[in-house]
>>> print(open('protein.csv').read())   # CSV, N, CA and C atoms
chain,number,residue,atom,x,y,z
A,327,MET,N,110.4,110.1,52.9
A,327,MET,CA,111.4,109.1,52.7
A,327,MET,C,110.7,107.8,52.7
A,328,VAL,N,111.1,106.9,51.8
A,328,VAL,CA,110.5,105.6,51.7
A,328,VAL,C,111.3,104.6,52.6
A,329,SER,N,110.5,103.8,53.3
A,329,SER,CA,111.1,102.8,54.2
A,329,SER,C,111.0,101.5,53.5
A,330,TYR,N,112.1,100.7,53.5
A,330,TYR,CA,112.1,99.4,52.9
A,330,TYR,C,112.0,98.3,54.0
A,331,ARG,N,111.7,98.7,55.2
A,331,ARG,CA,111.6,97.7,56.3
A,331,ARG,C,110.2,97.0,56.2
A,332,THR,N,110.2,95.8,56.5
A,332,THR,CA,108.9,95.0,56.5
A,332,THR,C,108.1,95.4,57.8
A,333,PRO,N,106.8,95.1,57.8
A,333,PRO,CA,106.1,95.4,59.1
A,333,PRO,C,106.7,94.6,60.3
A,334,LEU,N,107.2,93.4,60.1
A,334,LEU,CA,107.8,92.7,61.1
A,334,LEU,C,109.1,93.4,61.6
A,335,GLY,N,109.8,93.9,60.7
A,335,GLY,CA,111.1,94.6,61.1
A,335,GLY,C,110.8,95.9,61.8
A,336,GLN,N,109.7,96.6,61.5
A,336,GLN,CA,109.3,97.8,62.2
A,336,GLN,C,108.8,97.5,63.6
A,337,ALA,N,108.2,96.4,63.8
A,337,ALA,CA,107.6,96.0,65.1
A,337,ALA,C,108.6,95.4,66.0
A,338,ARG,N,109.7,94.8,65.4
A,338,ARG,CA,110.6,94.1,66.3
A,338,ARG,C,111.3,95.1,67.3
A,339,GLY,N,111.4,94.7,68.5
A,339,GLY,CA,112.0,95.5,69.5
A,339,GLY,C,111.0,96.4,70.2
A,340,LEU,N,109.8,96.4,69.8
A,340,LEU,CA,108.8,97.3,70.4
A,340,LEU,C,107.8,96.5,71.4
A,341,GLY,N,107.9,95.2,71.3
A,341,GLY,CA,107.0,94.4,72.1
A,341,GLY,C,107.5,94.0,73.5
A,342,SER,N,107.0,92.9,73.9
A,342,SER,CA,107.3,92.5,75.3
A,342,SER,C,108.8,92.1,75.4
A,343,ALA,N,109.4,92.3,76.5
A,343,ALA,CA,110.8,91.9,76.8
A,343,ALA,C,110.9,90.5,77.4
A,344,LYS,N,109.7,89.9,77.5
A,344,LYS,CA,109.6,88.5,78.0
A,344,LYS,C,110.0,88.4,79.5
A,345,HIS,N,109.9,89.4,80.3
A,345,HIS,CA,110.2,89.3,81.7
A,345,HIS,C,109.1,89.7,82.6
A,346,GLY,N,108.1,90.3,82.0
A,346,GLY,CA,107.0,90.8,82.8
A,346,GLY,C,106.1,89.8,83.4
A,347,ALA,N,105.9,88.7,82.7
A,347,ALA,CA,105.0,87.6,83.1
A,347,ALA,C,105.5,87.0,84.4
A,348,SER,N,106.7,86.8,84.6
A,348,SER,CA,107.2,86.2,85.9
A,348,SER,C,106.9,87.1,87.1
A,349,HIS,N,107.0,88.4,86.9
A,349,HIS,CA,106.7,89.4,87.9
A,349,HIS,C,105.2,89.3,88.2
A,350,TRP,N,104.4,89.3,87.2
A,350,TRP,CA,102.9,89.2,87.4
A,350,TRP,C,102.5,87.9,88.1
A,351,VAL,N,103.1,86.8,87.7
A,351,VAL,CA,102.8,85.5,88.4
A,351,VAL,C,103.2,85.6,89.8
A,352,ALA,N,104.4,86.1,90.1
A,352,ALA,CA,104.9,86.2,91.5
A,352,ALA,C,104.0,87.1,92.3
A,353,GLU,N,103.5,88.2,91.8
A,353,GLU,CA,102.6,89.0,92.5
A,353,GLU,C,101.3,88.3,92.8
A,354,LYS,N,100.8,87.5,91.9
A,354,LYS,CA,99.5,86.8,92.1
A,354,LYS,C,99.7,85.7,93.1
A,355,VAL,N,100.8,85.0,93.0
A,355,VAL,CA,101.1,83.9,94.0
A,355,VAL,C,101.2,84.5,95.4
A,356,SER,N,101.9,85.6,95.6
A,356,SER,CA,102.0,86.2,96.9
A,356,SER,C,100.6,86.7,97.4
A,357,ALA,N,99.8,87.2,96.5
A,357,ALA,CA,98.5,87.7,96.9
A,357,ALA,C,97.6,86.5,97.3
A,358,ILE,N,97.7,85.4,96.6
A,358,ILE,CA,96.9,84.2,97.0
A,358,ILE,C,97.4,83.6,98.3
A,359,ALA,N,98.7,83.7,98.6
A,359,ALA,CA,99.3,83.2,99.8
A,359,ALA,C,98.9,84.1,101.0
A,360,LEU,N,98.7,85.4,100.7
A,360,LEU,CA,98.3,86.3,101.8
A,360,LEU,C,96.8,86.1,102.2
A,361,VAL,N,96.0,85.6,101.4
A,361,VAL,CA,94.5,85.5,101.7
A,361,VAL,C,94.3,84.7,103.0
A,362,PRO,N,94.8,83.4,103.1
A,362,PRO,CA,94.6,82.7,104.3
A,362,PRO,C,95.4,83.3,105.5
A,363,LEU,N,96.6,83.8,105.2
A,363,LEU,CA,97.4,84.4,106.3
A,363,LEU,C,96.8,85.6,106.9
A,364,VAL,N,96.2,86.5,106.1
A,364,VAL,CA,95.6,87.7,106.6
A,364,VAL,C,94.3,87.3,107.4
A,365,ILE,N,93.5,86.3,106.9
A,365,ILE,CA,92.4,85.9,107.6
A,365,ILE,C,92.8,85.3,109.0
A,366,TRP,N,93.8,84.5,109.0
A,366,TRP,CA,94.3,84.0,110.3
A,366,TRP,C,94.8,85.2,111.2
A,367,MET,N,95.5,86.2,110.6
A,367,MET,CA,96.0,87.3,111.3
A,367,MET,C,94.9,88.1,112.0
A,368,VAL,N,93.8,88.3,111.3
A,368,VAL,CA,92.7,89.1,111.8
A,368,VAL,C,92.1,88.3,113.0
A,369,TYR,N,92.0,87.0,112.9
A,369,TYR,CA,91.5,86.2,114.0
A,369,TYR,C,92.5,86.3,115.2
A,370,ALA,N,93.8,86.3,114.9
A,370,ALA,CA,94.8,86.3,116.0
A,370,ALA,C,94.7,87.7,116.7
A,371,VAL,N,94.6,88.8,115.9
A,371,VAL,CA,94.5,90.1,116.5
A,371,VAL,C,93.3,90.2,117.4
A,372,LEU,N,92.2,89.7,117.0
A,372,LEU,CA,91.0,89.7,117.8
A,372,LEU,C,91.2,88.9,119.1
A,373,GLN,N,91.9,87.8,119.0
A,373,GLN,CA,92.3,87.1,120.3
A,373,GLN,C,93.2,87.9,121.2
A,374,LEU,N,94.2,88.5,120.6
A,374,LEU,CA,95.2,89.3,121.3
A,374,LEU,C,94.5,90.5,122.0
A,375,ALA,N,93.5,91.1,121.3
A,375,ALA,CA,92.9,92.3,121.8
A,375,ALA,C,92.2,92.0,123.2
A,376,ALA,N,91.8,90.8,123.4
A,376,ALA,CA,91.1,90.4,124.6
A,376,ALA,C,92.0,90.1,125.8
A,377,GLY,N,93.3,90.0,125.5
A,377,GLY,CA,94.2,89.6,126.5
A,377,GLY,C,95.1,90.8,126.9
A,378,ASP,N,96.0,90.6,127.8
A,378,ASP,CA,97.0,91.6,128.3
A,378,ASP,C,98.3,91.3,127.6
A,379,TYR,N,99.3,92.1,128.1
A,379,TYR,CA,100.7,92.0,127.5
A,379,TYR,C,101.3,90.6,127.7
A,380,GLY,N,101.1,90.0,128.9
A,380,GLY,CA,101.6,88.7,129.2
A,380,GLY,C,101.0,87.6,128.3
A,381,PHE,N,99.7,87.8,128.1
A,381,PHE,CA,99.0,86.8,127.2
A,381,PHE,C,99.6,86.9,125.8
A,382,ALA,N,99.9,88.2,125.3
A,382,ALA,CA,100.4,88.4,124.0
A,382,ALA,C,101.8,87.8,123.9
A,383,VAL,N,102.7,87.9,124.9
A,383,VAL,CA,104.0,87.4,124.9
A,383,VAL,C,103.9,85.8,124.9
A,384,HIS,N,103.1,85.3,125.7
A,384,HIS,CA,102.9,83.8,125.7
A,384,HIS,C,102.4,83.3,124.4
A,385,TRP,N,101.5,84.1,123.8
A,385,TRP,CA,100.9,83.7,122.5
A,385,TRP,C,101.9,83.7,121.4
A,386,ILE,N,102.8,84.7,121.3
A,386,ILE,CA,103.8,84.8,120.3
A,386,ILE,C,104.9,83.8,120.5
A,387,GLN,N,105.1,83.3,121.7
A,387,GLN,CA,106.1,82.3,122.0
A,387,GLN,C,105.8,80.9,121.5
A,388,SER,N,104.5,80.7,121.1
A,388,SER,CA,104.1,79.5,120.4
A,388,SER,C,104.8,79.4,119.1
A,389,PRO,N,105.5,78.3,118.8
A,389,PRO,CA,106.2,78.2,117.5
A,389,PRO,C,105.3,78.4,116.3
A,390,LEU,N,104.0,77.8,116.3
A,390,LEU,CA,103.1,78.0,115.2
A,390,LEU,C,102.7,79.4,115.0
A,391,ASN,N,102.4,80.1,116.1
A,391,ASN,CA,102.0,81.5,116.0
A,391,ASN,C,103.2,82.4,115.5
A,392,ALA,N,104.3,82.2,116.0
A,392,ALA,CA,105.5,83.0,115.6
A,392,ALA,C,105.8,82.8,114.2
A,393,THR,N,105.8,81.5,113.7
A,393,THR,CA,106.1,81.2,112.3
A,393,THR,C,105.0,81.8,111.4
A,394,LEU,N,103.8,81.8,111.7
A,394,LEU,CA,102.7,82.3,110.9
A,394,LEU,C,102.8,83.9,110.8
A,395,VAL,N,103.1,84.5,112.0
A,395,VAL,CA,103.3,86.0,112.0
A,395,VAL,C,104.5,86.4,111.1
A,396,VAL,N,105.6,85.7,111.3
A,396,VAL,CA,106.8,86.0,110.5
A,396,VAL,C,106.5,85.8,109.0
A,397,LEU,N,105.9,84.7,108.6
A,397,LEU,CA,105.5,84.4,107.3
A,397,LEU,C,104.6,85.4,106.7
A,398,THR,N,103.6,85.9,107.5
A,398,THR,CA,102.7,86.9,107.0
A,398,THR,C,103.4,88.2,106.8
A,399,LEU,N,104.3,88.6,107.7
A,399,LEU,CA,105.1,89.8,107.5
A,399,LEU,C,106.0,89.7,106.3
A,400,ALA,N,106.7,88.6,106.1
A,400,ALA,CA,107.7,88.5,105.0
A,400,ALA,C,106.9,88.6,103.7
A,401,ILE,N,105.9,87.8,103.5
A,401,ILE,CA,105.1,87.8,102.3
A,401,ILE,C,104.5,89.2,102.0
A,402,SER,N,104.0,89.8,103.1
A,402,SER,CA,103.4,91.2,102.9
A,402,SER,C,104.3,92.2,102.5
A,403,PHE,N,105.5,92.2,103.1
A,403,PHE,CA,106.5,93.3,102.6
A,403,PHE,C,107.0,93.0,101.3
A,404,TRP,N,107.2,91.7,100.9
A,404,TRP,CA,107.6,91.3,99.6
A,404,TRP,C,106.6,91.7,98.5
A,405,HIS,N,105.3,91.5,98.9
A,405,HIS,CA,104.2,91.8,98.0
A,405,HIS,C,104.1,93.3,97.8
A,406,MET,N,104.3,94.0,98.9
A,406,MET,CA,104.3,95.5,98.8
A,406,MET,C,105.4,96.0,97.9
A,407,HIS,N,106.6,95.5,98.1
A,407,HIS,CA,107.7,95.8,97.3
A,407,HIS,C,107.5,95.6,95.8
A,408,ALA,N,106.9,94.4,95.5
A,408,ALA,CA,106.6,94.1,94.1
A,408,ALA,C,105.6,95.0,93.5
A,409,GLY,N,104.5,95.3,94.3
A,409,GLY,CA,103.5,96.2,93.8
A,409,GLY,C,104.0,97.6,93.5
A,410,LEU,N,104.8,98.2,94.5
A,410,LEU,CA,105.3,99.5,94.3
A,410,LEU,C,106.3,99.6,93.2
A,411,ARG,N,107.0,98.5,92.9
A,411,ARG,CA,108.0,98.4,91.8
A,411,ARG,C,107.2,98.6,90.5
A,412,VAL,N,106.1,97.9,90.4
A,412,VAL,CA,105.3,98.0,89.1
A,412,VAL,C,104.8,99.4,88.9
A,413,VAL,N,104.3,100.0,90.0
A,413,VAL,CA,103.8,101.4,89.9
A,413,VAL,C,104.9,102.4,89.4
A,414,VAL,N,106.1,102.2,90.0
A,414,VAL,CA,107.2,103.1,89.7
A,414,VAL,C,107.6,102.8,88.2
A,415,GLU,N,107.8,101.6,87.8
A,415,GLU,CA,108.2,101.3,86.5
A,415,GLU,C,107.2,101.7,85.4
A,416,ASP,N,105.9,101.7,85.8
A,416,ASP,CA,104.8,102.1,84.8
A,416,ASP,C,104.7,103.6,84.7
A,417,TYR,N,104.8,104.3,85.8
A,417,TYR,CA,104.4,105.8,85.8
A,417,TYR,C,105.6,106.8,85.9
A,418,ILE,N,106.8,106.3,86.2
A,418,ILE,CA,107.9,107.2,86.3
A,418,ILE,C,108.8,107.0,85.1
A,419,HIS,N,109.0,108.0,84.3
A,419,HIS,CA,109.7,107.9,83.0
A,419,HIS,C,111.2,108.4,83.0
A,420,LYS,N,111.5,109.2,83.9
A,420,LYS,CA,112.9,109.7,84.0
A,420,LYS,C,113.8,108.6,84.6
A,421,THR,N,114.8,108.3,83.9
A,421,THR,CA,115.7,107.2,84.4
A,421,THR,C,116.2,107.3,85.8
A,422,LEU,N,116.8,108.5,86.0
A,422,LEU,CA,117.4,108.7,87.3
A,422,LEU,C,116.4,108.7,88.5
A,423,THR,N,115.2,109.3,88.3
A,423,THR,CA,114.2,109.3,89.3
A,423,THR,C,113.6,107.9,89.5
A,424,LYS,N,113.5,107.1,88.4
A,424,LYS,CA,113.0,105.8,88.5
A,424,LYS,C,113.9,104.9,89.2
A,425,SER,N,115.2,105.0,88.9
A,425,SER,CA,116.3,104.2,89.6
A,425,SER,C,116.3,104.6,91.1
A,426,ALA,N,116.2,105.9,91.4
A,426,ALA,CA,116.2,106.3,92.8
A,426,ALA,C,115.0,105.8,93.6
A,427,LEU,N,113.8,105.9,93.0
A,427,LEU,CA,112.6,105.4,93.6
A,427,LEU,C,112.6,103.9,93.8
A,428,LEU,N,113.2,103.1,92.8
A,428,LEU,CA,113.2,101.7,92.9
A,428,LEU,C,114.2,101.3,94.1
A,429,LEU,N,115.3,102.0,94.2
A,429,LEU,CA,116.2,101.7,95.3
A,429,LEU,C,115.6,102.1,96.7
A,430,ILE,N,114.9,103.2,96.8
A,430,ILE,CA,114.2,103.6,98.0
A,430,ILE,C,113.2,102.5,98.4
A,431,ASN,N,112.4,102.1,97.4
A,431,ASN,CA,111.4,101.1,97.6
A,431,ASN,C,112.0,99.8,98.1
A,432,LEU,N,113.1,99.4,97.6
A,432,LEU,CA,113.8,98.2,98.0
A,432,LEU,C,114.3,98.3,99.4
A,433,PHE,N,115.0,99.4,99.8
A,433,PHE,CA,115.5,99.6,101.1
A,433,PHE,C,114.4,99.8,102.2
A,434,VAL,N,113.4,100.6,101.8
A,434,VAL,CA,112.3,100.8,102.8
A,434,VAL,C,111.6,99.5,103.1
A,435,CYS,N,111.2,98.8,102.1
A,435,CYS,CA,110.5,97.5,102.3
A,435,CYS,C,111.4,96.5,103.0
A,436,GLY,N,112.6,96.4,102.6
A,436,GLY,CA,113.5,95.5,103.2
A,436,GLY,C,113.8,95.8,104.6
A,437,LEU,N,114.1,97.0,104.9
A,437,LEU,CA,114.4,97.5,106.3
A,437,LEU,C,113.1,97.3,107.2
A,438,ALA,N,112.0,97.8,106.7
A,438,ALA,CA,110.8,97.6,107.6
A,438,ALA,C,110.4,96.2,107.8
A,439,GLY,N,110.6,95.4,106.8
A,439,GLY,CA,110.3,93.9,107.0
A,439,GLY,C,111.3,93.3,107.9
A,440,ALA,N,112.5,93.6,107.8
A,440,ALA,CA,113.6,93.0,108.7
A,440,ALA,C,113.3,93.4,110.1
A,441,LEU,N,113.0,94.7,110.3
A,441,LEU,CA,112.8,95.2,111.7
A,441,LEU,C,111.5,94.5,112.3
A,442,ALA,N,110.5,94.4,111.5
A,442,ALA,CA,109.3,93.7,112.0
A,442,ALA,C,109.5,92.3,112.4
A,443,ILE,N,110.2,91.6,111.5
A,443,ILE,CA,110.5,90.1,111.8
A,443,ILE,C,111.5,90.0,112.9
A,444,PHE,N,112.5,90.9,113.0
A,444,PHE,CA,113.4,90.8,114.2
A,444,PHE,C,112.6,91.0,115.5
A,445,SER,N,111.7,92.0,115.5
A,445,SER,CA,110.9,92.3,116.7
A,445,SER,C,110.1,91.1,117.1
A,446,ILE,N,109.5,90.4,116.2
A,446,ILE,CA,108.7,89.2,116.5
A,446,ILE,C,109.6,88.1,117.0
A,447,LEU,N,110.7,87.9,116.4
A,447,LEU,CA,111.6,86.8,116.8
A,447,LEU,C,112.2,87.1,118.2
A,448,LYS,N,112.5,88.4,118.5
A,448,LYS,CA,113.0,88.8,119.8
A,448,LYS,C,112.1,88.4,120.9
A,449,VAL,N,110.8,88.7,120.7
A,449,VAL,CA,109.8,88.4,121.7
A,449,VAL,C,109.6,86.9,121.7
A,450,ALA,N,109.5,86.3,120.6
A,450,ALA,CA,109.2,84.8,120.5
A,450,ALA,C,110.3,84.0,121.1
A,451,LEU,N,111.5,84.4,120.9
A,451,LEU,CA,112.6,83.6,121.4
A,451,LEU,C,113.2,84.1,122.7
A,452,GLY,N,112.7,85.2,123.2
A,452,GLY,CA,113.1,85.7,124.5
A,452,GLY,C,114.2,86.7,124.3
A,453,ALA,N,114.3,87.7,125.1
A,453,ALA,CA,115.3,88.8,125.0
A,453,ALA,C,116.7,88.3,125.1
A,454,GLY,N,117.0,87.2,125.8
A,454,GLY,CA,118.3,86.7,126.1
A,454,GLY,C,118.9,86.1,124.8
A,455,VAL,N,118.1,85.6,123.9
A,455,VAL,CA,118.7,84.9,122.8
A,455,VAL,C,119.2,85.8,121.7
A,456,LEU,N,118.5,86.9,121.4
A,456,LEU,CA,118.9,87.8,120.3
A,456,LEU,C,119.5,89.1,120.9
A,457,GLY,N,119.7,89.2,122.1
A,457,GLY,CA,120.3,90.4,122.7
A,457,GLY,C,119.3,91.2,123.6
A,458,ALA,N,119.8,92.1,124.3
A,458,ALA,CA,119.0,92.8,125.3
A,458,ALA,C,118.1,93.9,124.7
>>> encode(input="protein.csv", output="C-alpha cells")
Amino acid sequence: MVSYRTPLGQARGLGSAKHGASHWVAEKVSAIALVPLVIWMVYAVLQLAAGDYGFAVHWIQSPLNATLVVLTLAISFWHMHAGLRVVVEDYIHKTLTKSALLLINLFVCGLAGALAIFSILKVALGAGVLGA
C-alpha cells in the first residue's frame, strides 16, 4: 500500500513529549546539591562516632546541624524517588505494572523520608514538643 504522508507527518508524534528535560534538570540539580551536603554529613558522622548518645543528642539540637540533616534527608529521598521513577519509566512497559511501581516508589520514598525527618525533628526539638 502506498503512503501519501510526508516524512514529517510520519515522524510527528514519535519524538519527545517535551517534559523529560525538566526531570533531567531537576535530577542534576538535586545531585549537585547533595555533593556538599553528603561531604558535610560524612564529617558529621565521623564526629558523632567519637561521642556518646548524650553528645549526639546535644549535637542534633543545634539548629544548624538539625537543619542540614533534614535538608540532606529531604533532598536524598527526593533524588532517590526521581531516579527510581526514571528506571521504572524506561524499563517497565506494562501499563498496570508501571503504574503500580510508580505509586509504590512514591509512597515508600515519601514515607521513609517523612519518618526520617520526623525522627530528627523529634530529637532536635525534644520529646515534649512533638509527642512522647
>>> closest_residue(input="protein.csv", among="A:Leu399, A:Leu334, A:Ala408, A:Leu451", to="Ala438 (chain A)", atoms="only N, CA and C atoms")
A:Leu399
>>> residues_around(input="protein.csv", residues="region 358-362 of chain A", least_positions_apart="6", cutoff="8 Å", atoms="only C-alpha atoms", output="list in words")
Thr398, Ile401 and Ser402 of chain A
>>> residues_around(input="protein.csv", residues="Met367 (chain A)", least_positions_apart="4", cutoff="8 Å", atoms="only C-alpha atoms", output="PyMOL selection string")
chain A and resi 363+371+395+398
>>> residues_around(input="protein.csv", residues="region 430-433 of chain A", least_positions_apart="3", cutoff="9 Å", atoms="only C-alpha atoms", output="list in words")
His407, Leu410, Arg411, Ser425, Ala426, Leu427, Gly436, Leu437 and Ala438 of chain A
>>> select_by_dssp(input="protein.csv", residues="chain A", states="alpha helix (DSSP H)", output="VMD selection string")
chain A and resid 333 to 337 346 to 375 379 to 386 389 to 417 421 to 451 453 to 456
>>> atom_distance(input="protein.csv", atom1="atom N of Trp404 (chain A)", atom2="atom C of Ala442 (chain A)")
11.7 Å
>>> build_atoms(input="protein.csv", residues="region 415-426 of chain A", atoms="all heavy atoms", output="mmCIF file, in the frame of the given file")
data_model
loop_
_atom_site.group_PDB
_atom_site.id
_atom_site.type_symbol
_atom_site.label_atom_id
_atom_site.label_comp_id
_atom_site.auth_asym_id
_atom_site.auth_seq_id
_atom_site.Cartn_x
_atom_site.Cartn_y
_atom_site.Cartn_z
ATOM 1 N N GLU A 415 107.800 101.600 87.800
ATOM 2 C CA GLU A 415 108.200 101.300 86.500
ATOM 3 C C GLU A 415 107.200 101.700 85.400
ATOM 4 O O GLU A 415 107.526 102.145 84.332
ATOM 5 C CB GLU A 415 108.384 99.756 86.320
ATOM 6 C CG GLU A 415 109.621 99.263 87.030
ATOM 7 C CD GLU A 415 109.741 97.750 87.040
ATOM 8 O OE1 GLU A 415 108.753 97.055 86.690
ATOM 9 O OE2 GLU A 415 110.811 97.256 87.409
ATOM 10 N N ASP A 416 105.900 101.700 85.800
ATOM 11 C CA ASP A 416 104.800 102.100 84.800
ATOM 12 C C ASP A 416 104.700 103.600 84.700
ATOM 13 O O ASP A 416 104.322 104.103 83.608
ATOM 14 C CB ASP A 416 103.494 101.464 85.178
ATOM 15 C CG ASP A 416 103.452 99.979 84.873
ATOM 16 O OD1 ASP A 416 104.374 99.492 84.190
ATOM 17 O OD2 ASP A 416 102.503 99.309 85.329
ATOM 18 N N TYR A 417 104.800 104.300 85.800
ATOM 19 C CA TYR A 417 104.400 105.800 85.800
ATOM 20 C C TYR A 417 105.600 106.800 85.900
ATOM 21 O O TYR A 417 105.349 107.951 85.756
ATOM 22 C CB TYR A 417 103.400 106.014 86.882
ATOM 23 C CG TYR A 417 102.125 105.254 86.626
ATOM 24 C CD1 TYR A 417 101.790 104.139 87.377
ATOM 25 C CD2 TYR A 417 101.272 105.639 85.596
ATOM 26 C CE1 TYR A 417 100.625 103.434 87.118
ATOM 27 C CE2 TYR A 417 100.109 104.942 85.330
ATOM 28 C CZ TYR A 417 99.794 103.834 86.096
ATOM 29 O OH TYR A 417 98.653 103.128 85.839
ATOM 30 N N ILE A 418 106.800 106.300 86.200
ATOM 31 C CA ILE A 418 107.900 107.200 86.300
ATOM 32 C C ILE A 418 108.800 107.000 85.100
ATOM 33 O O ILE A 418 109.241 105.857 84.830
ATOM 34 C CB ILE A 418 108.738 106.982 87.595
ATOM 35 C CG1 ILE A 418 107.846 107.074 88.828
ATOM 36 C CG2 ILE A 418 109.904 107.959 87.667
ATOM 37 C CD1 ILE A 418 107.177 108.410 89.030
ATOM 38 N N HIS A 419 109.000 108.000 84.300
ATOM 39 C CA HIS A 419 109.700 107.900 83.000
ATOM 40 C C HIS A 419 111.200 108.400 83.000
ATOM 41 O O HIS A 419 111.926 107.967 82.149
ATOM 42 C CB HIS A 419 108.902 108.514 81.906
ATOM 43 C CG HIS A 419 107.507 107.962 81.810
ATOM 44 N ND1 HIS A 419 107.247 106.670 81.426
ATOM 45 C CD2 HIS A 419 106.302 108.512 82.084
ATOM 46 C CE1 HIS A 419 105.945 106.454 81.454
ATOM 47 N NE2 HIS A 419 105.339 107.558 81.852
ATOM 48 N N LYS A 420 111.500 109.200 83.900
ATOM 49 C CA LYS A 420 112.900 109.700 84.000
ATOM 50 C C LYS A 420 113.800 108.600 84.600
ATOM 51 O O LYS A 420 113.474 108.129 85.692
ATOM 52 C CB LYS A 420 112.981 110.999 84.781
ATOM 53 C CG LYS A 420 112.298 112.166 84.119
ATOM 54 C CD LYS A 420 112.489 113.438 84.916
ATOM 55 C CE LYS A 420 111.812 114.593 84.219
ATOM 56 N NZ LYS A 420 111.944 115.829 84.981
ATOM 57 N N THR A 421 114.800 108.300 83.900
ATOM 58 C CA THR A 421 115.700 107.200 84.400
ATOM 59 C C THR A 421 116.200 107.300 85.800
ATOM 60 O O THR A 421 116.200 106.412 86.569
ATOM 61 C CB THR A 421 116.811 106.939 83.336
ATOM 62 O OG1 THR A 421 116.240 106.806 82.046
ATOM 63 C CG2 THR A 421 117.601 105.695 83.670
ATOM 64 N N LEU A 422 116.800 108.500 86.000
ATOM 65 C CA LEU A 422 117.400 108.700 87.300
ATOM 66 C C LEU A 422 116.400 108.700 88.500
ATOM 67 O O LEU A 422 116.586 108.058 89.509
ATOM 68 C CB LEU A 422 118.130 110.088 87.354
ATOM 69 C CG LEU A 422 118.916 110.423 88.622
ATOM 70 C CD1 LEU A 422 120.007 109.371 88.857
ATOM 71 C CD2 LEU A 422 119.522 111.797 88.531
ATOM 72 N N THR A 423 115.200 109.300 88.300
ATOM 73 C CA THR A 423 114.200 109.300 89.300
ATOM 74 C C THR A 423 113.600 107.900 89.500
ATOM 75 O O THR A 423 113.429 107.440 90.591
ATOM 76 C CB THR A 423 113.000 110.209 88.809
ATOM 77 O OG1 THR A 423 113.511 111.508 88.525
ATOM 78 C CG2 THR A 423 111.927 110.291 89.867
ATOM 79 N N LYS A 424 113.500 107.100 88.400
ATOM 80 C CA LYS A 424 113.000 105.800 88.500
ATOM 81 C C LYS A 424 113.900 104.900 89.200
ATOM 82 O O LYS A 424 113.560 104.149 90.126
ATOM 83 C CB LYS A 424 112.760 105.196 87.057
ATOM 84 C CG LYS A 424 112.208 103.783 87.060
ATOM 85 C CD LYS A 424 112.150 103.179 85.674
ATOM 86 C CE LYS A 424 111.128 103.877 84.830
ATOM 87 N NZ LYS A 424 110.852 103.168 83.558
ATOM 88 N N SER A 425 115.200 105.000 88.900
ATOM 89 C CA SER A 425 116.300 104.200 89.600
ATOM 90 C C SER A 425 116.300 104.600 91.100
ATOM 91 O O SER A 425 116.369 103.684 91.967
ATOM 92 C CB SER A 425 117.625 104.485 89.024
ATOM 93 O OG SER A 425 117.639 104.088 87.680
ATOM 94 N N ALA A 426 116.200 105.900 91.400
ATOM 95 C CA ALA A 426 116.200 106.300 92.800
ATOM 96 C C ALA A 426 115.000 105.800 93.600
ATOM 97 O O ALA A 426 115.134 105.224 94.709
ATOM 98 C CB ALA A 426 116.302 107.801 92.942
#
